[in-house]
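Enquirer: Sharing data.pdb here; it has PDB, C-alpha atoms.
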MODEL        1
ATOM      1  CA  MET A 573     -28.029 -31.540   3.775
ATOM      2  CA  PRO A 574     -27.344 -35.319   4.008
ATOM      3  CA  LEU A 575     -23.702 -34.655   3.076
ATOM      4  CA  VAL A 576     -23.431 -31.783   5.568
ATOM      5  CA  MET A 577     -24.983 -33.942   8.306
ATOM      6  CA  ALA A 578     -22.524 -36.769   7.626
ATOM      7  CA  ILE A 579     -19.629 -34.307   7.915
ATOM      8  CA  PHE A 580     -21.017 -32.871  11.182
ATOM      9  CA  GLU A 581     -21.389 -36.358  12.600
ATOM     10  CA  THR A 582     -17.795 -37.272  11.752
ATOM     11  CA  LEU A 583     -16.409 -34.012  13.140
ATOM     12  CA  SER A 584     -18.353 -34.359  16.386
ATOM     13  CA  ARG A 585     -16.950 -37.812  17.180
ATOM     14  CA  PRO A 586     -14.414 -37.602  19.991
ATOM     15  CA  ALA A 587     -10.849 -38.541  19.137
ATOM     16  CA  GLU A 588      -7.993 -39.690  21.332
ATOM     17  CA  GLU A 589      -6.281 -36.648  22.799
ATOM     18  CA  ASN A 590      -2.818 -37.546  21.511
ATOM     19  CA  ASP A 591      -3.918 -39.095  18.198
ATOM     20  CA  GLN A 592      -2.222 -36.715  15.734
ATOM     21  CA  THR A 593      -3.463 -38.624  12.691
ATOM     22  CA  ALA A 594      -7.112 -38.299  13.744
ATOM     23  CA  ALA A 595      -6.630 -34.602  14.555
ATOM     24  CA  LEU A 596      -5.067 -33.989  11.146
ATOM     25  CA  GLU A 597      -7.850 -35.918   9.392
ATOM     26  CA  LYS A 598     -10.475 -33.837  11.188
ATOM     27  CA  GLN A 599      -8.655 -30.636  10.244
ATOM     28  CA  MET A 600      -8.554 -31.705   6.575
ATOM     29  CA  LEU A 601     -12.232 -32.712   6.642
ATOM     30  CA  ARG A 602     -13.148 -29.354   8.190
ATOM     31  CA  ARG A 603     -11.143 -27.505   5.512
ATOM     32  CA  SER A 604     -12.780 -29.580   2.771
ATOM     33  CA  TYR A 605     -16.227 -28.858   4.197
ATOM     34  CA  PHE A 606     -15.544 -25.098   4.181
ATOM     35  CA  SER A 607     -14.148 -25.331   0.631
ATOM     36  CA  PHE A 608     -17.339 -27.141  -0.406
ATOM     37  CA  ILE A 609     -19.521 -24.385   1.100
ATOM     38  CA  GLN A 610     -17.279 -21.729  -0.495
ATOM     39  CA  THR A 611     -17.732 -23.380  -3.901
ATOM     40  CA  ILE A 612     -21.516 -23.354  -3.491
ATOM     41  CA  ALA A 613     -21.534 -19.702  -2.379
ATOM     42  CA  SER A 614     -19.163 -18.439  -5.051
ATOM     43  CA  SER A 615     -20.415 -20.363  -8.079
ATOM     44  CA  GLY A 616     -23.915 -18.930  -8.194
ATOM     45  CA  MET A 617     -25.421 -21.932  -6.420
ATOM     46  CA  ASN A 618     -26.355 -19.966  -3.306
ATOM     47  CA  GLU A 619     -30.013 -20.744  -4.030
ATOM     48  CA  VAL A 620     -29.172 -24.357  -3.161
ATOM     49  CA  MET A 621     -28.281 -23.126   0.332
ATOM     50  CA  ALA A 622     -31.207 -20.701   0.500
ATOM     51  CA  SER A 623     -33.681 -23.475  -0.315
ATOM     52  CA  GLN A 624     -32.563 -25.746   2.556
ATOM     53  CA  GLY A 625     -34.971 -24.258   5.080
ATOM     54  CA  ALA A 626     -34.227 -21.687   7.784
ATOM     55  CA  GLU A 627     -33.088 -24.200  10.412
ATOM     56  CA  ASN A 628     -30.602 -25.899   8.074
ATOM     57  CA  ILE A 629     -29.260 -22.600   6.730
ATOM     58  CA  GLU A 630     -28.751 -21.421  10.298
ATOM     59  CA  ARG A 631     -26.928 -24.637  11.192
ATOM     60  CA  VAL A 632     -24.557 -24.236   8.225
ATOM     61  CA  LEU A 633     -24.015 -20.531   8.987
ATOM     62  CA  PHE A 634     -23.120 -21.330  12.592
ATOM     63  CA  THR A 635     -20.521 -23.858  11.425
ATOM     64  CA  ILE A 636     -18.970 -21.129   9.283
ATOM     65  CA  ILE A 637     -18.895 -18.699  12.225
ATOM     66  CA  GLN A 638     -17.409 -21.452  14.389
ATOM     67  CA  GLY A 639     -14.770 -22.157  11.728
ATOM     68  CA  ALA A 640     -13.904 -18.464  11.507
ATOM     69  CA  VAL A 641     -13.555 -17.972  15.265
ATOM     70  CA  ASP A 642     -13.066 -21.191  17.228
ATOM     71  CA  PHE A 643     -10.493 -23.277  15.353
ATOM     72  CA  PRO A 644      -6.886 -22.043  15.304
ATOM     73  CA  ASP A 645      -6.471 -22.973  11.627
ATOM     74  CA  PRO A 646      -5.804 -19.854   9.517
ATOM     75  CA  ILE A 647      -6.455 -21.682   6.245
ATOM     76  CA  ALA A 648      -9.947 -22.757   7.354
ATOM     77  CA  GLN A 649     -10.563 -19.366   8.972
ATOM     78  CA  LYS A 650      -9.664 -17.561   5.752
ATOM     79  CA  THR A 651     -12.088 -19.751   3.785
ATOM     80  CA  CYS A 652     -14.828 -19.029   6.342
ATOM     81  CA  PHE A 653     -14.380 -15.269   6.000
ATOM     82  CA  ILE A 654     -14.442 -15.592   2.201
ATOM     83  CA  ILE A 655     -17.778 -17.445   2.537
ATOM     84  CA  LEU A 656     -19.176 -14.869   4.986
ATOM     85  CA  SER A 657     -18.164 -11.988   2.716
ATOM     86  CA  ARG A 658     -19.803 -13.661  -0.283
ATOM     87  CA  LEU A 659     -23.005 -14.404   1.632
ATOM     88  CA  VAL A 660     -23.168 -10.795   2.841
ATOM     89  CA  GLU A 661     -22.765  -9.709  -0.779
ATOM     90  CA  LEU A 662     -25.558 -12.068  -1.894
ATOM     91  CA  TRP A 663     -27.983 -11.855   1.035
ATOM     92  CA  GLY A 664     -27.012  -8.754   3.036
ATOM     93  CA  GLY A 665     -28.850  -6.155   0.965
ATOM     94  CA  LYS A 666     -32.403  -4.914   1.198
ATOM     95  CA  ASP A 667     -33.763  -7.731  -0.985
ATOM     96  CA  GLY A 668     -31.585 -10.439   0.574
ATOM     97  CA  LEU A 669     -32.426 -13.508   2.602
ATOM     98  CA  VAL A 670     -35.019 -12.902   5.325
ATOM     99  CA  GLY A 671     -33.371 -12.671   8.746
ATOM    100  CA  PHE A 672     -29.839 -12.477   7.345
ATOM    101  CA  PRO A 673     -29.234  -8.846   8.408
ATOM    102  CA  ASP A 674     -29.879  -9.915  12.026
ATOM    103  CA  PHE A 675     -27.347 -12.698  11.591
ATOM    104  CA  ILE A 676     -24.819 -10.151  10.289
ATOM    105  CA  TYR A 677     -25.117  -8.054  13.448
ATOM    106  CA  LYS A 678     -25.408 -10.879  15.959
ATOM    107  CA  HIS A 679     -22.702 -13.135  14.548
ATOM    108  CA  ILE A 680     -20.696 -11.968  11.530
ATOM    109  CA  ILE A 681     -19.510  -8.580  12.819
ATOM    110  CA  PRO A 682     -18.611 -10.048  16.233
ATOM    111  CA  ALA A 683     -16.684 -12.836  14.432
ATOM    112  CA  CYS A 684     -14.686 -10.177  12.566
ATOM    113  CA  PHE A 685     -13.412  -8.967  15.953
ATOM    114  CA  MET A 686     -13.415 -12.133  18.072
ATOM    115  CA  ALA A 687     -11.262 -14.171  15.676
ATOM    116  CA  PRO A 688      -8.357 -11.681  15.437
ATOM    117  CA  LEU A 689      -8.481 -11.054  19.200
ATOM    118  CA  LYS A 690      -7.920 -14.743  20.014
ATOM    119  CA  PRO A 691      -4.461 -15.507  21.439
ATOM    120  CA  THR A 692      -4.023 -18.198  18.741
ATOM    121  CA  PHE A 693      -4.450 -15.567  15.972
ATOM    122  CA  ASP A 694      -0.766 -14.920  15.237
ATOM    123  CA  LEU A 695      -0.300 -11.724  13.213
ATOM    124  CA  SER A 696       3.360 -12.593  12.571
ATOM    125  CA  ASP A 697       2.197 -15.615  10.531
ATOM    126  CA  ALA A 698       1.684 -14.941   6.791
ATOM    127  CA  GLN A 699      -1.360 -17.248   6.516
ATOM    128  CA  THR A 700      -2.983 -15.483   9.494
ATOM    129  CA  VAL A 701      -2.386 -12.079   7.887
ATOM    130  CA  LEU A 702      -4.242 -13.359   4.799
ATOM    131  CA  THR A 703      -7.064 -14.434   7.106
ATOM    132  CA  LEU A 704      -7.178 -10.937   8.628
ATOM    133  CA  SER A 705      -7.348  -9.529   5.110
ATOM    134  CA  GLU A 706     -10.445 -11.648   4.333
ATOM    135  CA  CYS A 707     -11.925 -10.733   7.704
ATOM    136  CA  THR A 708     -11.456  -7.044   6.813
ATOM    137  CA  LEU A 709     -13.032  -7.560   3.385
ATOM    138  CA  THR A 710     -16.042  -9.100   5.150
ATOM    139  CA  LEU A 711     -16.394  -5.987   7.310
ATOM    140  CA  HIS A 712     -16.018  -3.814   4.204
ATOM    141  CA  MET A 713     -18.740  -5.788   2.394
ATOM    142  CA  ILE A 714     -21.080  -5.417   5.372
ATOM    143  CA  HIS A 715     -20.627  -1.644   5.219
ATOM    144  CA  LEU A 716     -21.248  -1.653   1.443
ATOM    145  CA  LYS A 717     -24.491  -3.592   1.909
ATOM    146  CA  ARG A 718     -25.811  -2.075   5.143
ATOM    147  CA  GLY A 719     -24.377   1.491   5.038
ATOM    148  CA  PRO A 720     -24.963   3.838   7.991
ATOM    149  CA  GLU A 721     -26.756   1.053   9.894
ATOM    150  CA  CYS A 722     -23.430  -0.838  10.034
ATOM    151  CA  ILE A 723     -21.580   2.223  11.368
ATOM    152  CA  GLN A 724     -24.251   2.781  14.021
ATOM    153  CA  PHE A 725     -23.912  -0.861  15.102
ATOM    154  CA  LEU A 726     -20.104  -0.567  15.319
ATOM    155  CA  GLN A 727     -20.446   2.571  17.466
ATOM    156  CA  GLU A 728     -22.542   0.564  19.927
ATOM    157  CA  TYR A 729     -20.624  -2.729  19.647
ATOM    158  CA  LEU A 730     -16.980  -1.639  19.880
ATOM    159  CA  PRO A 731     -17.253  -0.083  23.371
ATOM    160  CA  SER A 732     -18.387  -3.534  24.607
ATOM    161  CA  LEU A 733     -14.909  -4.753  23.566
ATOM    162  CA  GLN A 734     -13.292  -2.036  25.707
ATOM    163  CA  VAL A 735     -12.440   0.028  22.603
ATOM    164  CA  SER A 736     -12.093   3.703  23.518
ATOM    165  CA  PRO A 737     -14.540   6.231  22.025
ATOM    166  CA  GLU A 738     -11.696   7.837  20.030
ATOM    167  CA  ILE A 739     -10.584   4.540  18.470
ATOM    168  CA  THR A 740     -14.224   3.575  17.843
ATOM    169  CA  GLN A 741     -14.780   6.801  15.893
ATOM    170  CA  GLU A 742     -11.503   6.352  14.032
ATOM    171  CA  LEU A 743     -12.354   2.775  13.035
ATOM    172  CA  CYS A 744     -15.842   3.840  11.907
ATOM    173  CA  GLN A 745     -14.276   6.563   9.736
ATOM    174  CA  VAL A 746     -11.832   4.113   8.148
ATOM    175  CA  VAL A 747     -14.568   1.515   7.478
ATOM    176  CA  GLN A 748     -16.328   4.165   5.373
ATOM    177  CA  GLN A 749     -13.257   4.768   3.167
ATOM    178  CA  PRO A 750     -13.745   3.494  -0.391
ATOM    179  CA  ASP A 751     -10.111   2.285  -0.539
ATOM    180  CA  VAL A 752     -10.110  -1.162   1.066
ATOM    181  CA  LYS A 753      -6.287  -1.095   1.312
ATOM    182  CA  VAL A 754      -6.538   1.696   3.882
ATOM    183  CA  LEU A 755      -8.957  -0.422   5.913
ATOM    184  CA  LYS A 756      -6.725  -3.529   5.685
ATOM    185  CA  ASN A 757      -3.686  -1.598   6.948
ATOM    186  CA  TYR A 758      -5.714   0.035   9.706
ATOM    187  CA  MET A 759      -7.192  -3.266  10.919
ATOM    188  CA  LYS A 760      -3.779  -4.918  11.109
ATOM    189  CA  VAL A 761      -2.468  -2.091  13.310
ATOM    190  CA  PHE A 762      -5.734  -2.059  15.297
ATOM    191  CA  PHE A 763      -5.413  -5.746  16.225
ATOM    192  CA  GLN A 764      -1.669  -5.574  16.838
ATOM    193  CA  GLN A 765      -2.298  -2.818  19.399
ATOM    194  CA  ALA A 766      -5.330  -4.600  20.860
ATOM    195  CA  LYS A 767      -3.182  -7.665  21.591
ATOM    196  CA  LEU A 768      -0.499  -5.742  23.495
TER     197      LEU A 768
ENDMDL
END
Would you mind writing the structure in this file as structure tokens?
Expert:
Amino acid sequence: MPLVMAIFETLSRPAEENDQTAALEKQMLRRSYFSFIQTIASSGMNEVMASQGAENIERVLFTIIQGAVDFPDPIAQKTCFIILSRLVELWGGKDGLVGFPDFIYKHIIPACFMAPLKPTFDLSDAQTVLTLSECTLTLHMIHLKRGPECIQFLQEYLPSLQVSPEITQELCQVVQQPDVKVLKNYMKVFFQQAKL
């Protein structure tokens, strides 16, 4: 946590509005931070995160959600969705981290829709399409770990985004397909149409 806190402190410092060098340095630091968390999550060291205490875990998780949704940097966003997918795989099951399923429904699923719906999420950009792919894999992993509960949540959540009942049902059907390629193609079309 001391390293994470030092990174947070640096990122929270205000920079001059037109200082491109400072903005670029912050972007690189943010990317490095997410790469660091990804390395921990994907190398079997997730217990290091799990042992940091609920408040610290929550703080780190919120930075990942923020990185996935709030910063128009597809490289960082992609890394964040890779982390989220891995954490769902590790902690999203029945014997996972206490309280993590709530976090999935309150924050991770909404992030999977909020990020691609942002005006800065450019689906004609190759890096952004890779980000959408990781976002879709995160949704797929949530369904694998949570099953019908995930579908029920989507049926309640999607109408709040002004998604029609027909499209909601269609999306829920596609999420349940075992072939993730079908889901990736569907989600790309879904968000292209949603942005029209």
Enquirer: Can you tell me which residues surround A:Glu581 at a distance of at most 12 Å, considering all atoms listed in the file, apart from same-chain residues fewer than 5 positions away, and format the answer as a list of chain:residue names?
Expert: A:Pro574, A:Leu575, A:Val576, A:Pro586, A:Lys598, A:Leu601, A:Arg602
Enquirer: Looking at A:Gln734, A:Thr708, A:Thr740, A:Thr700, which one is nearest to A:Val754, with distances taken over only C-alpha atoms?
Expert: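 Once distances to A:Val754 are computed over only C-alpha atoms, the minimum belongs to A:Thr708.
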Enquirer: One number please: atom CA of A:Phe608 to atom CA of A:Leu583, in Å, one decimal.
Expert: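 These atoms are spaced 15.2 Å apart.
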Enquirer: One decimal, in Å: what's the spacing between atom CA of A:Arg718 and atom CA of A:His679?
Expert: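 Taking atom CA of A:Arg718 as the start and atom CA of A:His679 as the end point, the length is 14.8 Å.
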Enquirer: Have a look at A:Glu706, A:Glu721, A:Glu588, A:Glu619 and name the one nearest to A:Lys666; count all atoms listed in the file.
Expert: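 When distances to A:Lys666 are compared using all atoms listed in the file, the smallest one comes from A:Glu721.
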Enquirer: Determine the nearest neighbour of A:Phe685 from the options A:Lys767, A:Arg585, A:Arg658, A:Arg603, counting all atoms listed in the file.
Expert: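 That would be A:Lys767, the residue with the smallest distance to A:Phe685.
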Enquirer: Smallest atom-to-atom distance to A:Ile647: which of A:Cys744, A:Ala698, A:Ala766, A:Leu689, using all atoms listed in the file?
Expert: A:Ala698
Enquirer: Quick one, how far is atom CA of A:Lys760 from atom CA of A:Val746?
Expert: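 So the answer is 12.5 Å.
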Enquirer: Report the residues retrieved by the PyMOL selection byres ((chain A and resi 654) around 9) from the displayed file, expressed as a count of residues only.
Expert: 16
Enquirer: Which polymer residues have any atom within 10 Å of an atom of A:Asn618, counting all atoms listed in the file, with same-chain residues fewer than 4 positions away left out, as a PyMOL selection string?
Expert: chain A and resi 609-614+622-623+658-659+662-663
Enquirer: Excluding A:Val752 and its own-chain neighbours fewer than 3 positions away, which residues fall within 12 Å of it when counting all atoms listed in the file? Please give them as a VMD selection string.
Expert: chain A and resid 705 to 713 715 to 716 746 to 749 755 to 759
